[in-house]
Amino acid sequence: VSYAVVYDELLFLKQDSGYRARYVVVAILYDEGGRQVTGDTWRREVFVDEYEQTNSRRFTAREELELAAPPGEYLLKVQIRSPETSASGQIERLVEVPEIAREGVTLGTIVFEREGPGPDTDPLLNPAREYGEESPVVRLRIPVYAEAGTEYELEVSVETSSGDVMKSFSDTLSHSTFLEQHVRTFGVLDLEVGNYFAVVRVDRAGGGDERVRRARFKVVTSPRSWGEDFDKMIAQISYVASRDDIERLLAAPPERRDEAWDDFWRRNDPDPATEENEFKQEFLTRLSEANARFKSVVEGWQTDMGRVFIRYGEPDDVESQPVGRRLNAWETWYYYSEHTKFVFVDREGFGEFKLVEKTRI
């Protein structure tokens with residue numbers, strides 16, 4: 001189990017000449033019948049010297065933990081909570097413990113990492129599997145089990161959700177020990193913002209023993225999706241920017257546009273004390289989600305659903321009616337904090353929902 005917690009999400013208390021935070025990690029595996037197979041609890045402490053580190057999103061507590069279970073498919077639940085408060089976070093994932101055979105080749109679970117902060121530093125775990133301009137290289141750690149001397153081909157490809165192959169590379173290898181951890185890296189700045197799969201295949205020499213694993217990752221910022229077309233950038237940011245902001249951006253001469261964009265992000269940063277600009281990150285994340293989820297004959301951000309999603313985010317509640325013989329498919333999105341609901345209808349039956357109603361609730 002790999003996890004990472006940013007310091008900004010921990011509660012630090014003054015202690016001696018520095019600050020201390022405590023947290024508890026609970027990991028439990030459930031079988032297909034919902035029965036607990038194994039689990040454990042770990043108590044951890046973090047010490048820092050400077051107060052600025054306690055609310056930083058650059059520093060993280062990272063760790064790999066181990067649980068033992070027989071081969072099979074499981075539901076993994078991981079919870080991290082503070083013993084001082086009721087604050088907690090939880091994630092669930094389906095995981096597989098493979099049957100490891102002495103004959104043939106077995107492919108283990110892919111671990112996502114990113115390059116360390118310096119040339120001589122160890123790689124960093126990336127459980128969030130998010131990459132972009134601040135972390136432009138995906139590093140995969142791929143465990144392969146096979147008898148010494150076994151020859152096989154290891155192929156890694158990057159594919160879209162629809163199965164389009166964006167890049168691929170392979171090697172022919174000969175095993176030296178029963179477990180070998182292969183590392184493969186690739187850049188993401190030539191990819192559009194969106195969701196992708198890292199697809200790993202191993203096939204023993206001679207064929208007939210192929211093993212495949214797919215693992216999702218996300219590109220959250222990319223020069224290919226943001227920064228090349230000024231008019232497109234203005235159209236996209238207009239969903240969340242004020243009229244004054246748009247006028248300032250339009251008034252900037254071409255040679256000062258980068259500076260104007262930097263000023264725009266700074267003005268809208270909700271918490272300048274943190275290193276991350278939450279407004280910018282949230283906008284780019286919503287833009288990515290809109291393009292991935294609502295694409296039709298136009299890009300996702302240009303659809304009515306995409307526009308509402310970028311401006312308001314994930315709805316608090318959704319009601320939907322699939323297409324029937326007499327009724328068009330429709331969806332109603334509720335935003336309770338905005339006291340607003342949006343009704344979308346697919347009039348043509350091709351999955352392109354148009355906004356037909358916006359109502360105060």
# chains A, B, ... in the order shown; residues from 1 in each chain; ligands from 1
>>> closest_atom_pairs(of="stretch 144-198 of chain A", to="stretch 123-138 of chain A", cutoff="12 Å", atoms="only C-alpha atoms", output="Markdown table")
| residue | atom | partner | partner_atom | distance |
| --- | --- | --- | --- | --- |
| A:Val156 | CA | A:Val138 | CA | 11.9 |
| A:Val158 | CA | A:Val138 | CA | 10.7 |
| A:Val183 | CA | A:Val138 | CA | 10.3 |
| A:Arg184 | CA | A:Val138 | CA | 8.3 |
| A:Thr185 | CA | A:Val138 | CA | 5.5 |
| A:Phe186 | CA | A:Val138 | CA | 5.5 |
| A:Gly187 | CA | A:Val137 | CA | 4.4 |
| A:Val188 | CA | A:Pro136 | CA | 5.5 |
| A:Leu189 | CA | A:Pro136 | CA | 6.2 |
| A:Asp190 | CA | A:Pro136 | CA | 9.6 |
| A:Leu191 | CA | A:Gly132 | CA | 9.4 |
| A:Glu192 | CA | A:Gly132 | CA | 9.9 |
| A:Val193 | CA | A:Gly132 | CA | 8.3 |
| A:Gly194 | CA | A:Glu130 | CA | 10.0 |
| A:Asn195 | CA | A:Glu130 | CA | 9.4 |
| A:Tyr196 | CA | A:Arg129 | CA | 10.3 |
| A:Phe197 | CA | A:Arg129 | CA | 10.6 |
| A:Ala198 | CA | A:Val138 | CA | 9.6 |
>>> residues_around(residues="A:Val25", least_positions_apart="4", cutoff="9 Å", atoms="only C-alpha atoms", output="list of chain:residue names")
A:Asp40, A:Thr41, A:Trp42, A:Arg43, A:Arg44, A:Val78, A:Gln79, A:Ile80, A:Arg81
>>> select_by_dssp(residues="stretch 35-278 of chain A", states="alpha helix (DSSP H)", output="VMD selection string")
chain A and resid 230 to 237 243 to 251 257 to 268 278
>>> write_last_selection(atoms="N, CA and C atoms", output="PDB file, in the first residue's frame")
ATOM      1  N   PHE A 230      -4.214  31.540 -27.724  1.00  0.00           N
ATOM      2  CA  PHE A 230      -4.668  32.595 -26.820  1.00  0.00           C
ATOM      3  C   PHE A 230      -6.184  32.746 -26.848  1.00  0.00           C
ATOM      4  N   ASP A 231      -6.785  32.749 -28.026  1.00  0.00           N
ATOM      5  CA  ASP A 231      -8.237  32.908 -28.117  1.00  0.00           C
ATOM      6  C   ASP A 231      -8.960  31.754 -27.421  1.00  0.00           C
ATOM      7  N   LYS A 232      -8.434  30.540 -27.563  1.00  0.00           N
ATOM      8  CA  LYS A 232      -9.032  29.383 -26.902  1.00  0.00           C
ATOM      9  C   LYS A 232      -8.897  29.501 -25.390  1.00  0.00           C
ATOM     10  N   MET A 233      -7.758  29.978 -24.921  1.00  0.00           N
ATOM     11  CA  MET A 233      -7.549  30.158 -23.483  1.00  0.00           C
ATOM     12  C   MET A 233      -8.542  31.168 -22.919  1.00  0.00           C
ATOM     13  N   ILE A 234      -8.748  32.255 -23.645  1.00  0.00           N
ATOM     14  CA  ILE A 234      -9.694  33.273 -23.190  1.00  0.00           C
ATOM     15  C   ILE A 234     -11.103  32.699 -23.114  1.00  0.00           C
ATOM     16  N   ALA A 235     -11.497  31.926 -24.135  1.00  0.00           N
ATOM     17  CA  ALA A 235     -12.835  31.330 -24.136  1.00  0.00           C
ATOM     18  C   ALA A 235     -13.014  30.373 -22.968  1.00  0.00           C
ATOM     19  N   GLN A 236     -11.983  29.590 -22.652  1.00  0.00           N
ATOM     20  CA  GLN A 236     -12.085  28.632 -21.553  1.00  0.00           C
ATOM     21  C   GLN A 236     -12.114  29.329 -20.195  1.00  0.00           C
ATOM     22  N   ILE A 237     -11.258  30.302 -20.001  1.00  0.00           N
ATOM     23  CA  ILE A 237     -11.177  30.948 -18.691  1.00  0.00           C
ATOM     24  C   ILE A 237     -12.370  31.865 -18.447  1.00  0.00           C
ATOM     25  N   ARG A 243     -15.348  39.935 -15.698  1.00  0.00           N
ATOM     26  CA  ARG A 243     -15.229  40.759 -16.907  1.00  0.00           C
ATOM     27  C   ARG A 243     -13.951  41.598 -16.866  1.00  0.00           C
ATOM     28  N   ASP A 244     -13.621  42.145 -15.701  1.00  0.00           N
ATOM     29  CA  ASP A 244     -12.396  42.941 -15.583  1.00  0.00           C
ATOM     30  C   ASP A 244     -11.156  42.103 -15.880  1.00  0.00           C
ATOM     31  N   ASP A 245     -11.143  40.851 -15.378  1.00  0.00           N
ATOM     32  CA  ASP A 245     -10.007  39.975 -15.641  1.00  0.00           C
ATOM     33  C   ASP A 245      -9.858  39.716 -17.140  1.00  0.00           C
ATOM     34  N   ILE A 246     -10.951  39.444 -17.807  1.00  0.00           N
ATOM     35  CA  ILE A 246     -10.899  39.170 -19.241  1.00  0.00           C
ATOM     36  C   ILE A 246     -10.403  40.393 -20.001  1.00  0.00           C
ATOM     37  N   GLU A 247     -10.872  41.588 -19.626  1.00  0.00           N
ATOM     38  CA  GLU A 247     -10.448  42.801 -20.314  1.00  0.00           C
ATOM     39  C   GLU A 247      -8.952  43.047 -20.133  1.00  0.00           C
ATOM     40  N   ARG A 248      -8.423  42.754 -18.923  1.00  0.00           N
ATOM     41  CA  ARG A 248      -6.983  42.918 -18.701  1.00  0.00           C
ATOM     42  C   ARG A 248      -6.184  41.967 -19.583  1.00  0.00           C
ATOM     43  N   LEU A 249      -6.639  40.735 -19.675  1.00  0.00           N
ATOM     44  CA  LEU A 249      -5.931  39.752 -20.499  1.00  0.00           C
ATOM     45  C   LEU A 249      -5.975  40.138 -21.971  1.00  0.00           C
ATOM     46  N   LEU A 250      -7.127  40.597 -22.448  1.00  0.00           N
ATOM     47  CA  LEU A 250      -7.257  40.981 -23.851  1.00  0.00           C
ATOM     48  C   LEU A 250      -6.435  42.224 -24.174  1.00  0.00           C
ATOM     49  N   ALA A 251      -6.261  43.090 -23.177  1.00  0.00           N
ATOM     50  CA  ALA A 251      -5.535  44.340 -23.416  1.00  0.00           C
ATOM     51  C   ALA A 251      -4.021  44.147 -23.441  1.00  0.00           C
ATOM     52  N   ARG A 257       1.814  38.803 -22.658  1.00  0.00           N
ATOM     53  CA  ARG A 257       0.689  37.936 -22.291  1.00  0.00           C
ATOM     54  C   ARG A 257       1.051  36.960 -21.167  1.00  0.00           C
ATOM     55  N   ASP A 258       2.266  36.415 -21.200  1.00  0.00           N
ATOM     56  CA  ASP A 258       2.667  35.505 -20.119  1.00  0.00           C
ATOM     57  C   ASP A 258       2.614  36.209 -18.773  1.00  0.00           C
ATOM     58  N   GLU A 259       3.091  37.447 -18.753  1.00  0.00           N
ATOM     59  CA  GLU A 259       3.043  38.236 -17.515  1.00  0.00           C
ATOM     60  C   GLU A 259       1.605  38.506 -17.093  1.00  0.00           C
ATOM     61  N   ALA A 260       0.725  38.787 -18.063  1.00  0.00           N
ATOM     62  CA  ALA A 260      -0.681  39.043 -17.745  1.00  0.00           C
ATOM     63  C   ALA A 260      -1.355  37.801 -17.165  1.00  0.00           C
ATOM     64  N   TRP A 261      -1.037  36.625 -17.726  1.00  0.00           N
ATOM     65  CA  TRP A 261      -1.603  35.388 -17.168  1.00  0.00           C
ATOM     66  C   TRP A 261      -1.093  35.142 -15.751  1.00  0.00           C
ATOM     67  N   ASP A 262       0.191  35.381 -15.505  1.00  0.00           N
ATOM     68  CA  ASP A 262       0.736  35.214 -14.144  1.00  0.00           C
ATOM     69  C   ASP A 262       0.020  36.134 -13.165  1.00  0.00           C
ATOM     70  N   ASP A 263      -0.216  37.384 -13.582  1.00  0.00           N
ATOM     71  CA  ASP A 263      -0.943  38.326 -12.718  1.00  0.00           C
ATOM     72  C   ASP A 263      -2.365  37.837 -12.459  1.00  0.00           C
ATOM     73  N   PHE A 264      -3.004  37.298 -13.484  1.00  0.00           N
ATOM     74  CA  PHE A 264      -4.373  36.790 -13.322  1.00  0.00           C
ATOM     75  C   PHE A 264      -4.431  35.670 -12.298  1.00  0.00           C
ATOM     76  N   TRP A 265      -3.519  34.699 -12.402  1.00  0.00           N
ATOM     77  CA  TRP A 265      -3.532  33.586 -11.442  1.00  0.00           C
ATOM     78  C   TRP A 265      -3.254  34.085 -10.035  1.00  0.00           C
ATOM     79  N   ARG A 266      -2.318  35.037  -9.888  1.00  0.00           N
ATOM     80  CA  ARG A 266      -2.004  35.566  -8.555  1.00  0.00           C
ATOM     81  C   ARG A 266      -3.195  36.284  -7.945  1.00  0.00           C
ATOM     82  N   ARG A 267      -3.907  37.075  -8.746  1.00  0.00           N
ATOM     83  CA  ARG A 267      -5.062  37.818  -8.209  1.00  0.00           C
ATOM     84  C   ARG A 267      -6.155  36.877  -7.722  1.00  0.00           C
ATOM     85  N   ASN A 268      -6.276  35.715  -8.321  1.00  0.00           N
ATOM     86  CA  ASN A 268      -7.356  34.804  -7.981  1.00  0.00           C
ATOM     87  C   ASN A 268      -6.933  33.677  -7.045  1.00  0.00           C
ATOM     88  N   GLU A 278      -4.502  27.163  -5.639  1.00  0.00           N
ATOM     89  CA  GLU A 278      -5.653  26.259  -5.643  1.00  0.00           C
ATOM     90  C   GLU A 278      -6.659  26.610  -6.737  1.00  0.00           C
TER      91      GLU A 278
END
>>> residues_around(residues="A:Ile361", least_positions_apart="6", cutoff="8 Å", atoms="only C-alpha atoms", output="compact mmCIF listing (two decimals) with C-alpha atoms, in the first residue's frame")
# COMPACT_ATOMS: atom_id res chain seq x y z
CA TYR A 336 -27.20 23.26 -3.16
CA HIS A 339 -29.25 27.26 -4.71
CA THR A 340 -29.36 26.33 -8.39
CA LYS A 341 -30.31 23.39 -10.55
>>> select_by_dssp(residues="stretch 184-290 of chain A", states="strand (DSSP E)", output="list in words")
Arg184, Thr185, Phe186, Gly187, Gly194, Asn195, Tyr196, Phe197, Ala198, Val199, Val200, Arg201, Val202, Asp203, Arg204, Glu210, Arg211, Val212, Arg213, Arg214, Ala215, Arg216, Phe217, Lys218 and Val219 of chain A
>>> decode(residues="stretch 287-302 of chain A", atoms="all heavy atoms", output="PDB file, in the first residue's frame")
ATOM      1  N   LEU A 287     -11.248  21.503 -16.195  1.00  0.00           N
ATOM      2  CA  LEU A 287     -11.126  21.536 -17.642  1.00  0.00           C
ATOM      3  C   LEU A 287     -10.785  20.153 -18.178  1.00  0.00           C
ATOM      4  O   LEU A 287     -11.354  19.688 -19.178  1.00  0.00           O
ATOM      5  CB  LEU A 287     -10.057  22.554 -18.047  1.00  0.00           C
ATOM      6  CG  LEU A 287      -9.758  22.688 -19.548  1.00  0.00           C
ATOM      7  CD1 LEU A 287     -10.986  23.180 -20.303  1.00  0.00           C
ATOM      8  CD2 LEU A 287      -8.570  23.630 -19.768  1.00  0.00           C
ATOM      9  N   SER A 288      -9.856  19.483 -17.497  1.00  0.00           N
ATOM     10  CA  SER A 288      -9.476  18.131 -17.898  1.00  0.00           C
ATOM     11  C   SER A 288     -10.662  17.181 -17.806  1.00  0.00           C
ATOM     12  O   SER A 288     -10.927  16.396 -18.722  1.00  0.00           O
ATOM     13  CB  SER A 288      -8.333  17.631 -16.998  1.00  0.00           C
ATOM     14  OG  SER A 288      -8.163  16.247 -17.106  1.00  0.00           O
ATOM     15  N   GLU A 289     -11.390  17.234 -16.699  1.00  0.00           N
ATOM     16  CA  GLU A 289     -12.542  16.356 -16.511  1.00  0.00           C
ATOM     17  C   GLU A 289     -13.622  16.632 -17.557  1.00  0.00           C
ATOM     18  O   GLU A 289     -14.239  15.708 -18.098  1.00  0.00           O
ATOM     19  CB  GLU A 289     -13.106  16.541 -15.102  1.00  0.00           C
ATOM     20  CG  GLU A 289     -12.251  15.936 -14.009  1.00  0.00           C
ATOM     21  CD  GLU A 289     -12.245  14.423 -14.056  1.00  0.00           C
ATOM     22  OE1 GLU A 289     -13.315  13.825 -14.271  1.00  0.00           O
ATOM     23  OE2 GLU A 289     -11.162  13.836 -13.894  1.00  0.00           O
ATOM     24  N   ALA A 290     -13.859  17.902 -17.836  1.00  0.00           N
ATOM     25  CA  ALA A 290     -14.890  18.256 -18.820  1.00  0.00           C
ATOM     26  C   ALA A 290     -14.539  17.713 -20.195  1.00  0.00           C
ATOM     27  O   ALA A 290     -15.390  17.166 -20.906  1.00  0.00           O
ATOM     28  CB  ALA A 290     -15.060  19.775 -18.867  1.00  0.00           C
ATOM     29  N   ASN A 291     -13.274  17.833 -20.590  1.00  0.00           N
ATOM     30  CA  ASN A 291     -12.863  17.328 -21.892  1.00  0.00           C
ATOM     31  C   ASN A 291     -12.948  15.814 -21.968  1.00  0.00           C
ATOM     32  O   ASN A 291     -13.251  15.245 -23.020  1.00  0.00           O
ATOM     33  CB  ASN A 291     -11.437  17.789 -22.215  1.00  0.00           C
ATOM     34  CG  ASN A 291     -11.375  19.244 -22.645  1.00  0.00           C
ATOM     35  OD1 ASN A 291     -12.322  19.778 -23.211  1.00  0.00           O
ATOM     36  ND2 ASN A 291     -10.267  19.894 -22.355  1.00  0.00           N
ATOM     37  N   ALA A 292     -12.662  15.140 -20.846  1.00  0.00           N
ATOM     38  CA  ALA A 292     -12.697  13.680 -20.834  1.00  0.00           C
ATOM     39  C   ALA A 292     -14.125  13.137 -20.800  1.00  0.00           C
ATOM     40  O   ALA A 292     -14.419  12.115 -21.419  1.00  0.00           O
ATOM     41  CB  ALA A 292     -11.912  13.148 -19.631  1.00  0.00           C
ATOM     42  N   ARG A 293     -15.027  13.830 -20.099  1.00  0.00           N
ATOM     43  CA  ARG A 293     -16.359  13.266 -19.837  1.00  0.00           C
ATOM     44  C   ARG A 293     -17.446  13.729 -20.794  1.00  0.00           C
ATOM     45  O   ARG A 293     -18.423  13.008 -21.012  1.00  0.00           O
ATOM     46  CB  ARG A 293     -16.774  13.607 -18.396  1.00  0.00           C
ATOM     47  CG  ARG A 293     -15.958  12.884 -17.360  1.00  0.00           C
ATOM     48  CD  ARG A 293     -16.121  13.468 -15.968  1.00  0.00           C
ATOM     49  NE  ARG A 293     -17.492  13.487 -15.497  1.00  0.00           N
ATOM     50  CZ  ARG A 293     -17.847  13.897 -14.282  1.00  0.00           C
ATOM     51  NH1 ARG A 293     -16.920  14.300 -13.426  1.00  0.00           N
ATOM     52  NH2 ARG A 293     -19.110  13.892 -13.907  1.00  0.00           N
ATOM     53  N   PHE A 294     -17.304  14.909 -21.371  1.00  0.00           N
ATOM     54  CA  PHE A 294     -18.428  15.490 -22.105  1.00  0.00           C
ATOM     55  C   PHE A 294     -18.139  15.746 -23.584  1.00  0.00           C
ATOM     56  O   PHE A 294     -18.918  16.423 -24.245  1.00  0.00           O
ATOM     57  CB  PHE A 294     -18.866  16.794 -21.438  1.00  0.00           C
ATOM     58  CG  PHE A 294     -19.124  16.656 -19.962  1.00  0.00           C
ATOM     59  CD1 PHE A 294     -18.388  17.366 -19.044  1.00  0.00           C
ATOM     60  CD2 PHE A 294     -20.096  15.785 -19.497  1.00  0.00           C
ATOM     61  CE1 PHE A 294     -18.620  17.244 -17.683  1.00  0.00           C
ATOM     62  CE2 PHE A 294     -20.332  15.640 -18.139  1.00  0.00           C
ATOM     63  CZ  PHE A 294     -19.589  16.368 -17.233  1.00  0.00           C
ATOM     64  N   LYS A 295     -17.062  15.185 -24.107  1.00  0.00           N
ATOM     65  CA  LYS A 295     -16.726  15.399 -25.511  1.00  0.00           C
ATOM     66  C   LYS A 295     -17.812  14.828 -26.416  1.00  0.00           C
ATOM     67  O   LYS A 295     -18.309  13.731 -26.198  1.00  0.00           O
ATOM     68  CB  LYS A 295     -15.384  14.735 -25.830  1.00  0.00           C
ATOM     69  CG  LYS A 295     -14.933  14.935 -27.271  1.00  0.00           C
ATOM     70  CD  LYS A 295     -13.583  14.287 -27.515  1.00  0.00           C
ATOM     71  CE  LYS A 295     -13.133  14.488 -28.943  1.00  0.00           C
ATOM     72  NZ  LYS A 295     -11.810  13.859 -29.199  1.00  0.00           N
ATOM     73  N   SER A 296     -18.194  15.591 -27.425  1.00  0.00           N
ATOM     74  CA  SER A 296     -19.174  15.111 -28.411  1.00  0.00           C
ATOM     75  C   SER A 296     -18.642  15.487 -29.787  1.00  0.00           C
ATOM     76  O   SER A 296     -17.519  15.130 -30.130  1.00  0.00           O
ATOM     77  CB  SER A 296     -20.557  15.723 -28.137  1.00  0.00           C
ATOM     78  OG  SER A 296     -20.502  17.139 -28.210  1.00  0.00           O
ATOM     79  N   VAL A 297     -19.434  16.209 -30.591  1.00  0.00           N
ATOM     80  CA  VAL A 297     -18.918  16.690 -31.873  1.00  0.00           C
ATOM     81  C   VAL A 297     -17.961  17.856 -31.672  1.00  0.00           C
ATOM     82  O   VAL A 297     -17.252  18.259 -32.594  1.00  0.00           O
ATOM     83  CB  VAL A 297     -20.079  17.102 -32.804  1.00  0.00           C
ATOM     84  CG1 VAL A 297     -20.900  15.894 -33.183  1.00  0.00           C
ATOM     85  CG2 VAL A 297     -20.957  18.162 -32.151  1.00  0.00           C
ATOM     86  N   VAL A 298     -17.966  18.432 -30.468  1.00  0.00           N
ATOM     87  CA  VAL A 298     -17.030  19.490 -30.102  1.00  0.00           C
ATOM     88  C   VAL A 298     -16.271  19.028 -28.868  1.00  0.00           C
ATOM     89  O   VAL A 298     -16.588  18.000 -28.268  1.00  0.00           O
ATOM     90  CB  VAL A 298     -17.753  20.828 -29.826  1.00  0.00           C
ATOM     91  CG1 VAL A 298     -18.414  21.356 -31.085  1.00  0.00           C
ATOM     92  CG2 VAL A 298     -18.784  20.665 -28.698  1.00  0.00           C
ATOM     93  N   GLU A 299     -15.251  19.779 -28.479  1.00  0.00           N
ATOM     94  CA  GLU A 299     -14.501  19.438 -27.266  1.00  0.00           C
ATOM     95  C   GLU A 299     -15.400  19.560 -26.041  1.00  0.00           C
ATOM     96  O   GLU A 299     -16.364  20.334 -26.025  1.00  0.00           O
ATOM     97  CB  GLU A 299     -13.289  20.352 -27.133  1.00  0.00           C
ATOM     98  CG  GLU A 299     -12.234  20.138 -28.209  1.00  0.00           C
ATOM     99  CD  GLU A 299     -11.004  20.983 -27.968  1.00  0.00           C
ATOM    100  OE1 GLU A 299     -10.164  20.591 -27.154  1.00  0.00           O
ATOM    101  OE2 GLU A 299     -10.903  22.060 -28.589  1.00  0.00           O
ATOM    102  N   GLY A 300     -15.059  18.800 -24.993  1.00  0.00           N
ATOM    103  CA  GLY A 300     -15.904  18.749 -23.805  1.00  0.00           C
ATOM    104  C   GLY A 300     -16.152  20.103 -23.168  1.00  0.00           C
ATOM    105  O   GLY A 300     -17.253  20.368 -22.670  1.00  0.00           O
ATOM    106  N   TRP A 301     -15.157  20.989 -23.172  1.00  0.00           N
ATOM    107  CA  TRP A 301     -15.320  22.290 -22.527  1.00  0.00           C
ATOM    108  C   TRP A 301     -16.308  23.178 -23.270  1.00  0.00           C
ATOM    109  O   TRP A 301     -16.823  24.144 -22.712  1.00  0.00           O
ATOM    110  CB  TRP A 301     -13.965  23.010 -22.396  1.00  0.00           C
ATOM    111  CG  TRP A 301     -13.350  23.460 -23.690  1.00  0.00           C
ATOM    112  CD1 TRP A 301     -12.523  22.745 -24.490  1.00  0.00           C
ATOM    113  CD2 TRP A 301     -13.525  24.730 -24.333  1.00  0.00           C
ATOM    114  NE1 TRP A 301     -12.160  23.469 -25.600  1.00  0.00           N
ATOM    115  CE2 TRP A 301     -12.758  24.703 -25.525  1.00  0.00           C
ATOM    116  CE3 TRP A 301     -14.249  25.886 -24.027  1.00  0.00           C
ATOM    117  CZ2 TRP A 301     -12.684  25.779 -26.400  1.00  0.00           C
ATOM    118  CZ3 TRP A 301     -14.184  26.964 -24.901  1.00  0.00           C
ATOM    119  CH2 TRP A 301     -13.416  26.911 -26.058  1.00  0.00           C
ATOM    120  N   GLN A 302     -16.588  22.864 -24.544  1.00  0.00           N
ATOM    121  CA  GLN A 302     -17.515  23.663 -25.340  1.00  0.00           C
ATOM    122  C   GLN A 302     -18.966  23.214 -25.205  1.00  0.00           C
ATOM    123  O   GLN A 302     -19.861  23.902 -25.691  1.00  0.00           O
ATOM    124  CB  GLN A 302     -17.099  23.599 -26.815  1.00  0.00           C
ATOM    125  CG  GLN A 302     -15.749  24.241 -27.114  1.00  0.00           C
ATOM    126  CD  GLN A 302     -15.319  24.045 -28.547  1.00  0.00           C
ATOM    127  OE1 GLN A 302     -15.125  22.920 -28.998  1.00  0.00           O
ATOM    128  NE2 GLN A 302     -15.182  25.135 -29.272  1.00  0.00           N
TER     129      GLN A 302
END
